[in-house]
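Asker: You'll find query-v4.cif just under this line, and it carries mmCIF, C-alpha atoms.
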```
data_coords
#
loop_
_atom_site.label_atom_id
_atom_site.label_comp_id
_atom_site.auth_asym_id
_atom_site.auth_seq_id
_atom_site.Cartn_x
_atom_site.Cartn_y
_atom_site.Cartn_z
CA MET J 9 56.49 -8.80 32.51
CA ALA J 10 60.07 -8.41 31.29
CA LYS J 11 62.93 -6.49 32.88
CA VAL J 12 65.62 -5.03 30.62
CA ASP J 13 68.25 -2.29 30.75
CA ILE J 14 67.19 0.64 28.55
CA THR J 15 70.84 1.60 28.08
CA ASN J 16 71.48 -1.78 26.43
CA ARG J 17 70.51 -1.53 22.75
CA GLU J 18 70.35 -5.28 22.18
CA GLU J 19 68.09 -5.86 25.19
CA ILE J 20 65.66 -3.14 24.15
CA SER J 21 65.57 -4.36 20.55
CA TRP J 22 64.88 -7.90 21.76
CA LEU J 23 62.03 -6.74 23.99
CA VAL J 24 60.36 -4.65 21.29
CA ARG J 25 60.61 -7.48 18.75
CA LYS J 26 59.17 -9.91 21.29
CA ILE J 27 56.10 -7.97 22.35
CA GLU J 28 55.55 -5.74 19.28
CA PRO J 29 53.98 -2.92 21.32
CA LYS J 30 51.28 -0.70 19.85
CA THR J 31 51.96 2.07 22.39
CA ILE J 32 55.19 2.91 24.21
CA PHE J 33 55.42 5.26 27.19
CA ASN J 34 59.09 5.88 27.93
CA LEU J 35 59.18 6.92 31.59
CA SER J 36 62.78 5.96 32.25
CA ALA J 37 64.85 8.69 33.89
CA TYR J 38 67.86 9.26 36.09
CA GLY J 39 69.19 12.50 37.57
CA GLY J 40 65.91 14.17 38.48
CA HIS J 41 66.55 13.63 42.19
CA SER J 42 69.28 15.51 44.02
CA TYR J 43 70.90 12.24 45.14
CA GLN J 44 71.23 10.93 41.54
CA THR J 45 74.57 12.44 40.59
CA ASP J 46 76.29 9.93 38.28
CA THR J 47 76.78 12.05 35.14
CA ASP J 48 77.46 9.11 32.83
CA LYS J 49 74.31 7.39 34.03
CA ILE J 50 72.28 10.58 33.49
CA TYR J 51 73.17 10.73 29.79
CA SER J 52 73.12 6.98 29.16
CA THR J 53 69.64 6.64 30.68
CA ASN J 54 67.94 9.80 29.46
CA TYR J 55 69.49 10.26 26.01
CA LEU J 56 70.96 6.93 24.89
CA GLY J 57 68.06 5.05 26.47
CA ALA J 58 65.58 7.09 24.45
CA LEU J 59 67.68 6.56 21.33
CA ASN J 60 67.76 2.80 21.89
CA ALA J 61 63.99 2.67 22.29
CA LEU J 62 63.39 4.83 19.21
CA ASN J 63 65.75 2.74 17.08
CA ALA J 64 63.91 -0.39 18.18
CA LEU J 65 60.63 1.25 17.17
CA ARG J 66 62.11 2.24 13.82
CA ASN J 67 62.97 -1.38 13.09
CA LEU J 68 59.41 -2.62 13.63
CA PRO J 69 57.25 -3.38 10.58
CA ALA J 70 55.59 -0.29 9.11
CA ALA J 71 52.68 1.06 11.20
CA GLU J 72 53.26 -1.57 13.89
CA CYS J 73 53.59 0.94 16.74
CA ARG J 74 50.98 3.71 16.85
CA ALA J 75 52.44 5.95 19.58
CA PHE J 76 55.74 6.61 21.36
CA VAL J 77 55.31 9.13 24.19
CA GLN J 78 58.45 10.31 25.97
CA ALA J 79 58.52 11.67 29.52
CA GLY J 80 60.44 14.93 29.33
CA SER J 81 60.93 17.56 32.01
CA SER J 82 60.26 21.22 32.70
CA SER J 83 63.93 21.31 33.70
CA GLU J 84 64.69 21.56 29.98
CA TYR J 85 63.77 25.25 30.14
CA GLY J 86 66.33 25.74 32.90
CA LEU J 87 66.94 29.44 33.49
CA ASN J 88 64.07 30.37 31.15
CA SER J 89 61.51 29.04 33.61
CA ALA J 90 58.71 31.63 33.98
CA ALA J 91 55.77 30.26 31.97
CA PRO J 92 57.70 29.50 28.75
CA ASP J 93 55.83 28.10 25.80
CA GLU J 94 57.23 25.30 23.68
CA LYS J 95 58.81 27.68 21.17
CA ASN J 96 60.83 29.55 23.80
CA GLU J 97 64.57 29.09 24.21
CA LEU J 98 65.81 26.14 26.27
CA VAL J 99 68.50 27.23 28.74
CA PRO J 100 69.28 24.01 30.68
CA ASN J 101 71.04 24.44 34.02
CA SER J 102 71.95 20.85 34.91
CA ASP J 103 73.23 17.68 33.26
CA TYR J 104 69.79 16.19 33.78
CA ALA J 105 68.21 19.09 31.90
CA VAL J 106 70.71 18.82 29.04
CA SER J 107 70.06 15.09 28.70
CA LYS J 108 66.31 15.68 28.51
CA VAL J 109 66.77 18.46 25.95
CA GLY J 110 68.75 15.99 23.83
CA ALA J 111 65.94 13.46 24.09
CA SER J 112 63.41 16.10 23.01
CA TYR J 113 65.36 16.67 19.80
CA LEU J 114 65.49 12.92 19.19
CA ILE J 115 61.70 12.87 19.47
CA LYS J 116 61.42 15.82 17.06
CA TYR J 117 63.78 14.22 14.51
CA TYR J 118 62.12 10.81 14.62
CA GLY J 119 58.67 12.39 14.41
CA LYS J 120 58.99 15.25 11.94
CA VAL J 121 61.74 13.88 9.70
CA LEU J 122 61.42 10.10 9.90
CA GLY J 123 57.64 10.19 10.28
CA LEU J 124 57.32 8.06 13.41
CA PRO J 125 54.42 8.70 15.85
CA THR J 126 56.36 10.36 18.65
CA MET J 127 55.63 13.04 21.26
CA HIS J 128 57.63 14.55 24.13
CA LEU J 129 55.80 15.69 27.28
CA ARG J 130 57.60 18.31 29.39
CA LEU J 131 56.33 17.37 32.83
CA TYR J 132 56.26 19.91 35.64
CA SER J 133 56.24 18.90 39.33
CA ILE J 134 54.30 15.64 39.32
CA TYR J 135 53.27 14.37 42.76
CA GLY J 136 50.98 11.78 44.31
CA PRO J 137 50.82 8.23 45.71
CA TRP J 138 53.86 5.96 45.37
CA GLU J 139 56.21 8.89 44.82
CA ASP J 140 59.78 8.49 46.10
CA ARG J 141 59.47 9.17 49.82
CA ARG J 142 62.48 11.48 49.83
CA ARG J 143 60.69 14.01 47.62
CA LEU J 144 58.92 17.15 48.77
CA MET J 145 55.26 16.12 48.85
CA PRO J 146 55.62 12.78 50.70
CA VAL J 147 57.97 14.45 53.18
CA LEU J 148 55.54 17.32 53.69
CA VAL J 149 52.43 15.18 54.18
CA SER J 150 54.08 12.55 56.39
CA ASN J 151 55.43 15.25 58.70
CA CYS J 152 52.20 17.26 58.77
CA LEU J 153 50.28 14.14 59.80
CA LYS J 154 52.52 14.15 62.89
CA ASN J 155 51.68 17.82 63.50
CA ARG J 156 55.13 19.09 62.58
CA TRP J 157 56.84 20.81 59.69
CA PRO J 158 59.59 19.35 57.53
CA GLN J 159 62.61 21.41 56.62
CA PHE J 160 62.03 23.85 53.79
CA VAL J 161 64.15 25.58 51.19
CA ALA J 162 63.73 29.35 50.68
CA GLU J 163 60.09 30.49 50.80
CA GLU J 164 60.18 32.31 47.43
CA LEU J 165 61.21 29.25 45.39
CA SER J 166 58.35 27.93 43.30
CA HIS J 167 56.94 24.96 41.38
CA ASP J 168 53.99 24.11 39.18
CA PHE J 169 52.43 21.09 40.89
CA VAL J 170 50.51 18.55 38.77
CA TYR J 171 48.70 15.65 40.43
CA VAL J 172 49.72 12.24 39.13
CA ASP J 173 46.26 11.30 37.84
CA ASP J 174 46.24 14.41 35.64
CA CYS J 175 49.71 13.46 34.37
CA THR J 176 48.50 9.96 33.51
CA SER J 177 45.60 11.47 31.59
CA ALA J 178 48.06 13.59 29.59
CA PHE J 179 49.99 10.49 28.46
CA ILE J 180 46.82 8.76 27.34
CA LYS J 181 45.63 11.84 25.44
CA ALA J 182 49.07 12.20 23.82
CA ALA J 183 48.97 8.61 22.58
CA LEU J 184 45.45 9.03 21.23
CA CYS J 185 46.25 12.25 19.37
CA LEU J 186 49.12 10.66 17.44
CA TYR J 187 46.74 9.48 14.73
CA ASP J 188 47.34 13.01 13.38
CA LYS J 189 50.77 13.30 11.72
CA ARG J 190 50.81 17.04 12.39
CA SER J 191 51.43 16.17 16.06
CA PHE J 192 54.41 13.92 15.34
CA GLY J 193 57.60 15.08 17.07
CA GLU J 194 55.94 17.78 19.18
CA SER J 195 57.07 18.76 22.68
CA VAL J 196 54.16 19.71 24.96
CA ASN J 197 54.13 21.28 28.43
CA ILE J 198 52.13 19.39 31.05
CA ALA J 199 51.52 22.09 33.64
CA THR J 200 48.74 23.86 35.50
CA GLY J 201 50.15 27.29 34.73
CA ILE J 202 49.96 28.14 38.45
CA LYS J 203 53.05 29.39 40.30
CA THR J 204 53.15 27.92 43.83
CA THR J 205 55.90 29.15 46.14
CA MET J 206 57.08 27.22 49.18
CA ALA J 207 55.24 29.79 51.28
CA ASP J 208 52.05 29.12 49.31
CA LEU J 209 52.46 25.36 49.73
CA ALA J 210 53.05 25.66 53.47
CA GLY J 211 49.99 27.90 53.73
CA LYS J 212 47.81 25.23 52.08
CA ALA J 213 49.26 22.57 54.38
CA LYS J 214 48.67 24.74 57.43
CA GLU J 215 44.97 25.02 56.53
CA ILE J 216 44.56 21.30 55.82
CA PHE J 217 46.45 19.98 58.85
CA SER J 218 45.71 22.82 61.32
CA ILE J 219 49.32 23.08 62.41
CA SER J 220 49.72 25.82 65.01
CA SER J 221 53.46 26.39 64.61
CA GLU J 222 55.10 28.27 61.74
CA PRO J 223 57.32 26.68 59.06
CA GLN J 224 61.00 27.57 59.05
CA PHE J 225 62.01 28.48 55.51
CA GLY J 226 65.65 28.17 54.60
CA SER J 227 66.11 25.39 57.17
CA MET J 228 67.52 23.21 54.38
CA PRO J 229 69.79 24.33 51.52
CA ASN J 230 68.34 25.08 48.10
CA ARG J 231 69.14 22.57 45.38
CA LYS J 232 71.45 23.83 42.67
CA TRP J 233 68.63 23.99 40.11
CA ASP J 234 65.97 25.63 42.32
CA ILE J 235 64.47 28.78 40.79
CA ARG J 236 62.17 31.55 42.02
CA ASN J 237 59.82 31.50 39.04
CA TRP J 238 59.30 27.92 37.86
CA TYR J 239 55.87 27.38 36.36
CA GLY J 240 54.47 26.35 33.00
CA ASN J 241 52.33 27.40 30.06
CA PRO J 242 49.78 24.69 29.20
CA LYS J 243 48.16 26.34 26.17
CA LEU J 244 49.56 23.86 23.62
CA ALA J 245 48.38 20.93 25.76
CA HIS J 246 44.91 22.47 25.72
CA LYS J 247 45.06 22.91 21.94
CA ILE J 248 46.42 19.64 20.60
CA LEU J 249 45.71 17.20 23.45
CA GLY J 250 42.50 18.67 24.81
CA TRP J 251 44.19 18.32 28.21
CA HIS J 252 43.47 20.46 31.28
CA TYR J 253 44.49 19.73 34.83
CA ARG J 254 41.51 18.74 37.00
CA THR J 255 43.00 18.36 40.48
CA SER J 256 43.63 21.51 42.51
CA LEU J 257 46.63 21.63 44.82
CA GLU J 258 44.37 21.47 47.87
CA GLU J 259 42.50 18.45 46.52
CA GLY J 260 45.76 16.75 45.54
CA LEU J 261 47.17 17.22 49.03
CA ARG J 262 44.00 15.78 50.54
CA LEU J 263 44.13 12.77 48.21
CA LEU J 264 47.78 12.18 49.03
CA THR J 265 46.99 12.51 52.74
CA ALA J 266 44.26 9.87 52.50
CA TRP J 267 46.66 7.54 50.69
CA GLU J 268 49.41 8.22 53.23
CA ARG J 269 47.10 7.35 56.12
CA GLU J 270 46.14 4.03 54.52
CA PHE J 271 49.35 2.91 52.84
CA GLY J 272 52.22 4.96 54.24
CA PRO J 273 54.75 3.65 56.78
CA LYS J 274 53.21 3.28 60.21
CA ASN J 275 56.27 4.12 62.29
#
```
Can you present the structure in this file as C-alpha cells?
Answerer:
Amino acid sequence: MAKVDITNREEISWLVRKIEPKTIFNLSAYGGHSYQTDTDKIYSTNYLGALNALNALRNLPAAECRAFVQAGSSSEYGLNSAAPDEKNELVPNSDYAVSKVGASYLIKYYGKVLGLPTMHLRLYSIYGPWEDRRRLMPVLVSNCLKNRWPQFVAEELSHDFVYVDDCTSAFIKAALCLYDKRSFGESVNIATGIKTTMADLAGKAKEIFSISSEPQFGSMPNRKWDIRNWYGNPKLAHKILGWHYRTSLEEGLRLLTAWEREFGPKN
C-alpha cells in the first residue's frame, strides 16, 4: 500500500511507474460535501489530480494499462438535472460540478483522441456502509434506530439513490468493457432512474422503523446545489455496460440498518 498526493504530479508518476497498474479507478474527490469549501483544493483535486493520473498513464509502455475509470458526478448536469442523458447540456451550478465537468472532458480527450482506455462514470447519490457519517443516509438511519427523525431539508427536493454495491459493480463492468475502443472516452450515468423526494425517503424510513411521529421538513436549510428534480437516465449504462441497479431503496436501507447495528457507533 502506498500513500501519495494526487495533486502532486511527480508523486503520481512515481507510483504508476512503480506498480504498473493494469486497472485504475480514480475515486479521488473534494468538494462533494457541503463542508468542503476550499475552491483551490476542489480544482486541484478533481481536475489537476485527474490530469496527473492520466499523464502518468500516458507515459506507461503501450498497452500496459487496460482501463482507467474516473468517478464523475451527477452534479455535472447542474441545473439540467431531470433525467438528462449523456448528450444533454451540462449546466454546472457549483465549483465542484465545474471541476468534475473539466475532468469528464479530460477523459473524453484522452480516450477518443489519444486512444487511451478511459471512461467517466457520472455517479448519482451513492450510499451504504462506511459512508461519511455526516451525510444523509447514515444520519437518517442512526437517528431512526433511536426512534427519532433527523433534520430534513425541504420535502420536495429529490435524489436518485444508488446502493454502493451496485456502484461497485458499475466500475467493474466499465473496466471490463474497455476492451472495445468504441467505449473509450465515454461518460456514463450510474443511476436508477427513480426520483426519490425527501418525503418519499421519510415515508420508506417510517415503514421500516415504525416511527410514530412525523418528520419536520425544512428543519435544516437547503444546500446551495439542492434541486427539486435530480434523478438520472441509465439507458447508456444498460447499453454499453450491461449494468442495471439491483438494490431497491427499501432493501438498501435495510442493509445499511443491519450494518449500522453491527458496526456503527454504540453511543
Asker: What's around Ala37 in chain J at 12 Å? Count all atoms listed in the file, leave out sequence neighbours fewer than 2 positions away in its own chain, and write the answer as a VMD selection string.
Answerer: chain J and resid 13 to 15 34 to 35 39 to 41 44 49 to 58 78 to 81 104 to 105 107 to 108 111
Asker: Extract, using all atoms listed in the file, all DNA, RNA and protein residues at most 12 Å from Val99 in chain J, discarding same-chain residues fewer than 6 positions from it, and format them as a PyMOL selection string.
Answerer: chain J and resi 82-90+92+105-106+108-109+233
Asker: For range 172-187 of chain J, find every residue with an atom within 7 Å (counting only C-alpha atoms), except residues of its own chain fewer than 6 positions away, and show them as a PyMOL selection string.
Answerer: chain J and resi 75+77+125+134-136+249+251+253-254
Asker: Once the PyMOL selection byres ((chain J and resi 166) around 9) is applied to the coordinates I shared, what remains selected? I want it as a list in words.
Answerer: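 Evaluating the PyMOL selection byres ((chain J and resi 166) around 9) on these coordinates yields Glu163, Glu164, Leu165, His167, Asp168, Lys203, Thr204, Thr205, Met206, Ala207, Asp208, Asp234, Ile235, Arg236, Asn237, Trp238 and Tyr239 of chain J.
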Asker: Keeping only C-alpha atoms, write the selected residues as a short mmCIF file (atom, residue, chain, number, x, y, z; two decimals), in the frame of the given file.
Answerer:
```cif
data_model
loop_
_atom_site.label_atom_id
_atom_site.label_comp_id
_atom_site.auth_asym_id
_atom_site.auth_seq_id
_atom_site.Cartn_x
_atom_site.Cartn_y
_atom_site.Cartn_z
CA GLU J 163 60.09 30.49 50.80
CA GLU J 164 60.18 32.31 47.43
CA LEU J 165 61.21 29.25 45.39
CA HIS J 167 56.94 24.96 41.38
CA ASP J 168 53.99 24.11 39.18
CA LYS J 203 53.05 29.39 40.30
CA THR J 204 53.15 27.92 43.83
CA THR J 205 55.90 29.15 46.14
CA MET J 206 57.08 27.22 49.18
CA ALA J 207 55.24 29.79 51.28
CA ASP J 208 52.05 29.12 49.31
CA ASP J 234 65.97 25.63 42.32
CA ILE J 235 64.47 28.78 40.79
CA ARG J 236 62.17 31.55 42.02
CA ASN J 237 59.82 31.50 39.04
CA TRP J 238 59.30 27.92 37.86
CA TYR J 239 55.87 27.38 36.36
#
```
Asker: Grab the CA of Glu222 in chain J to CA of Ser256 in chain J distance for me, in Å with one decimal place.
Answerer: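 About the pair CA of Glu222 in chain J and CA of Ser256 in chain J: they are 23.4 Å apart.
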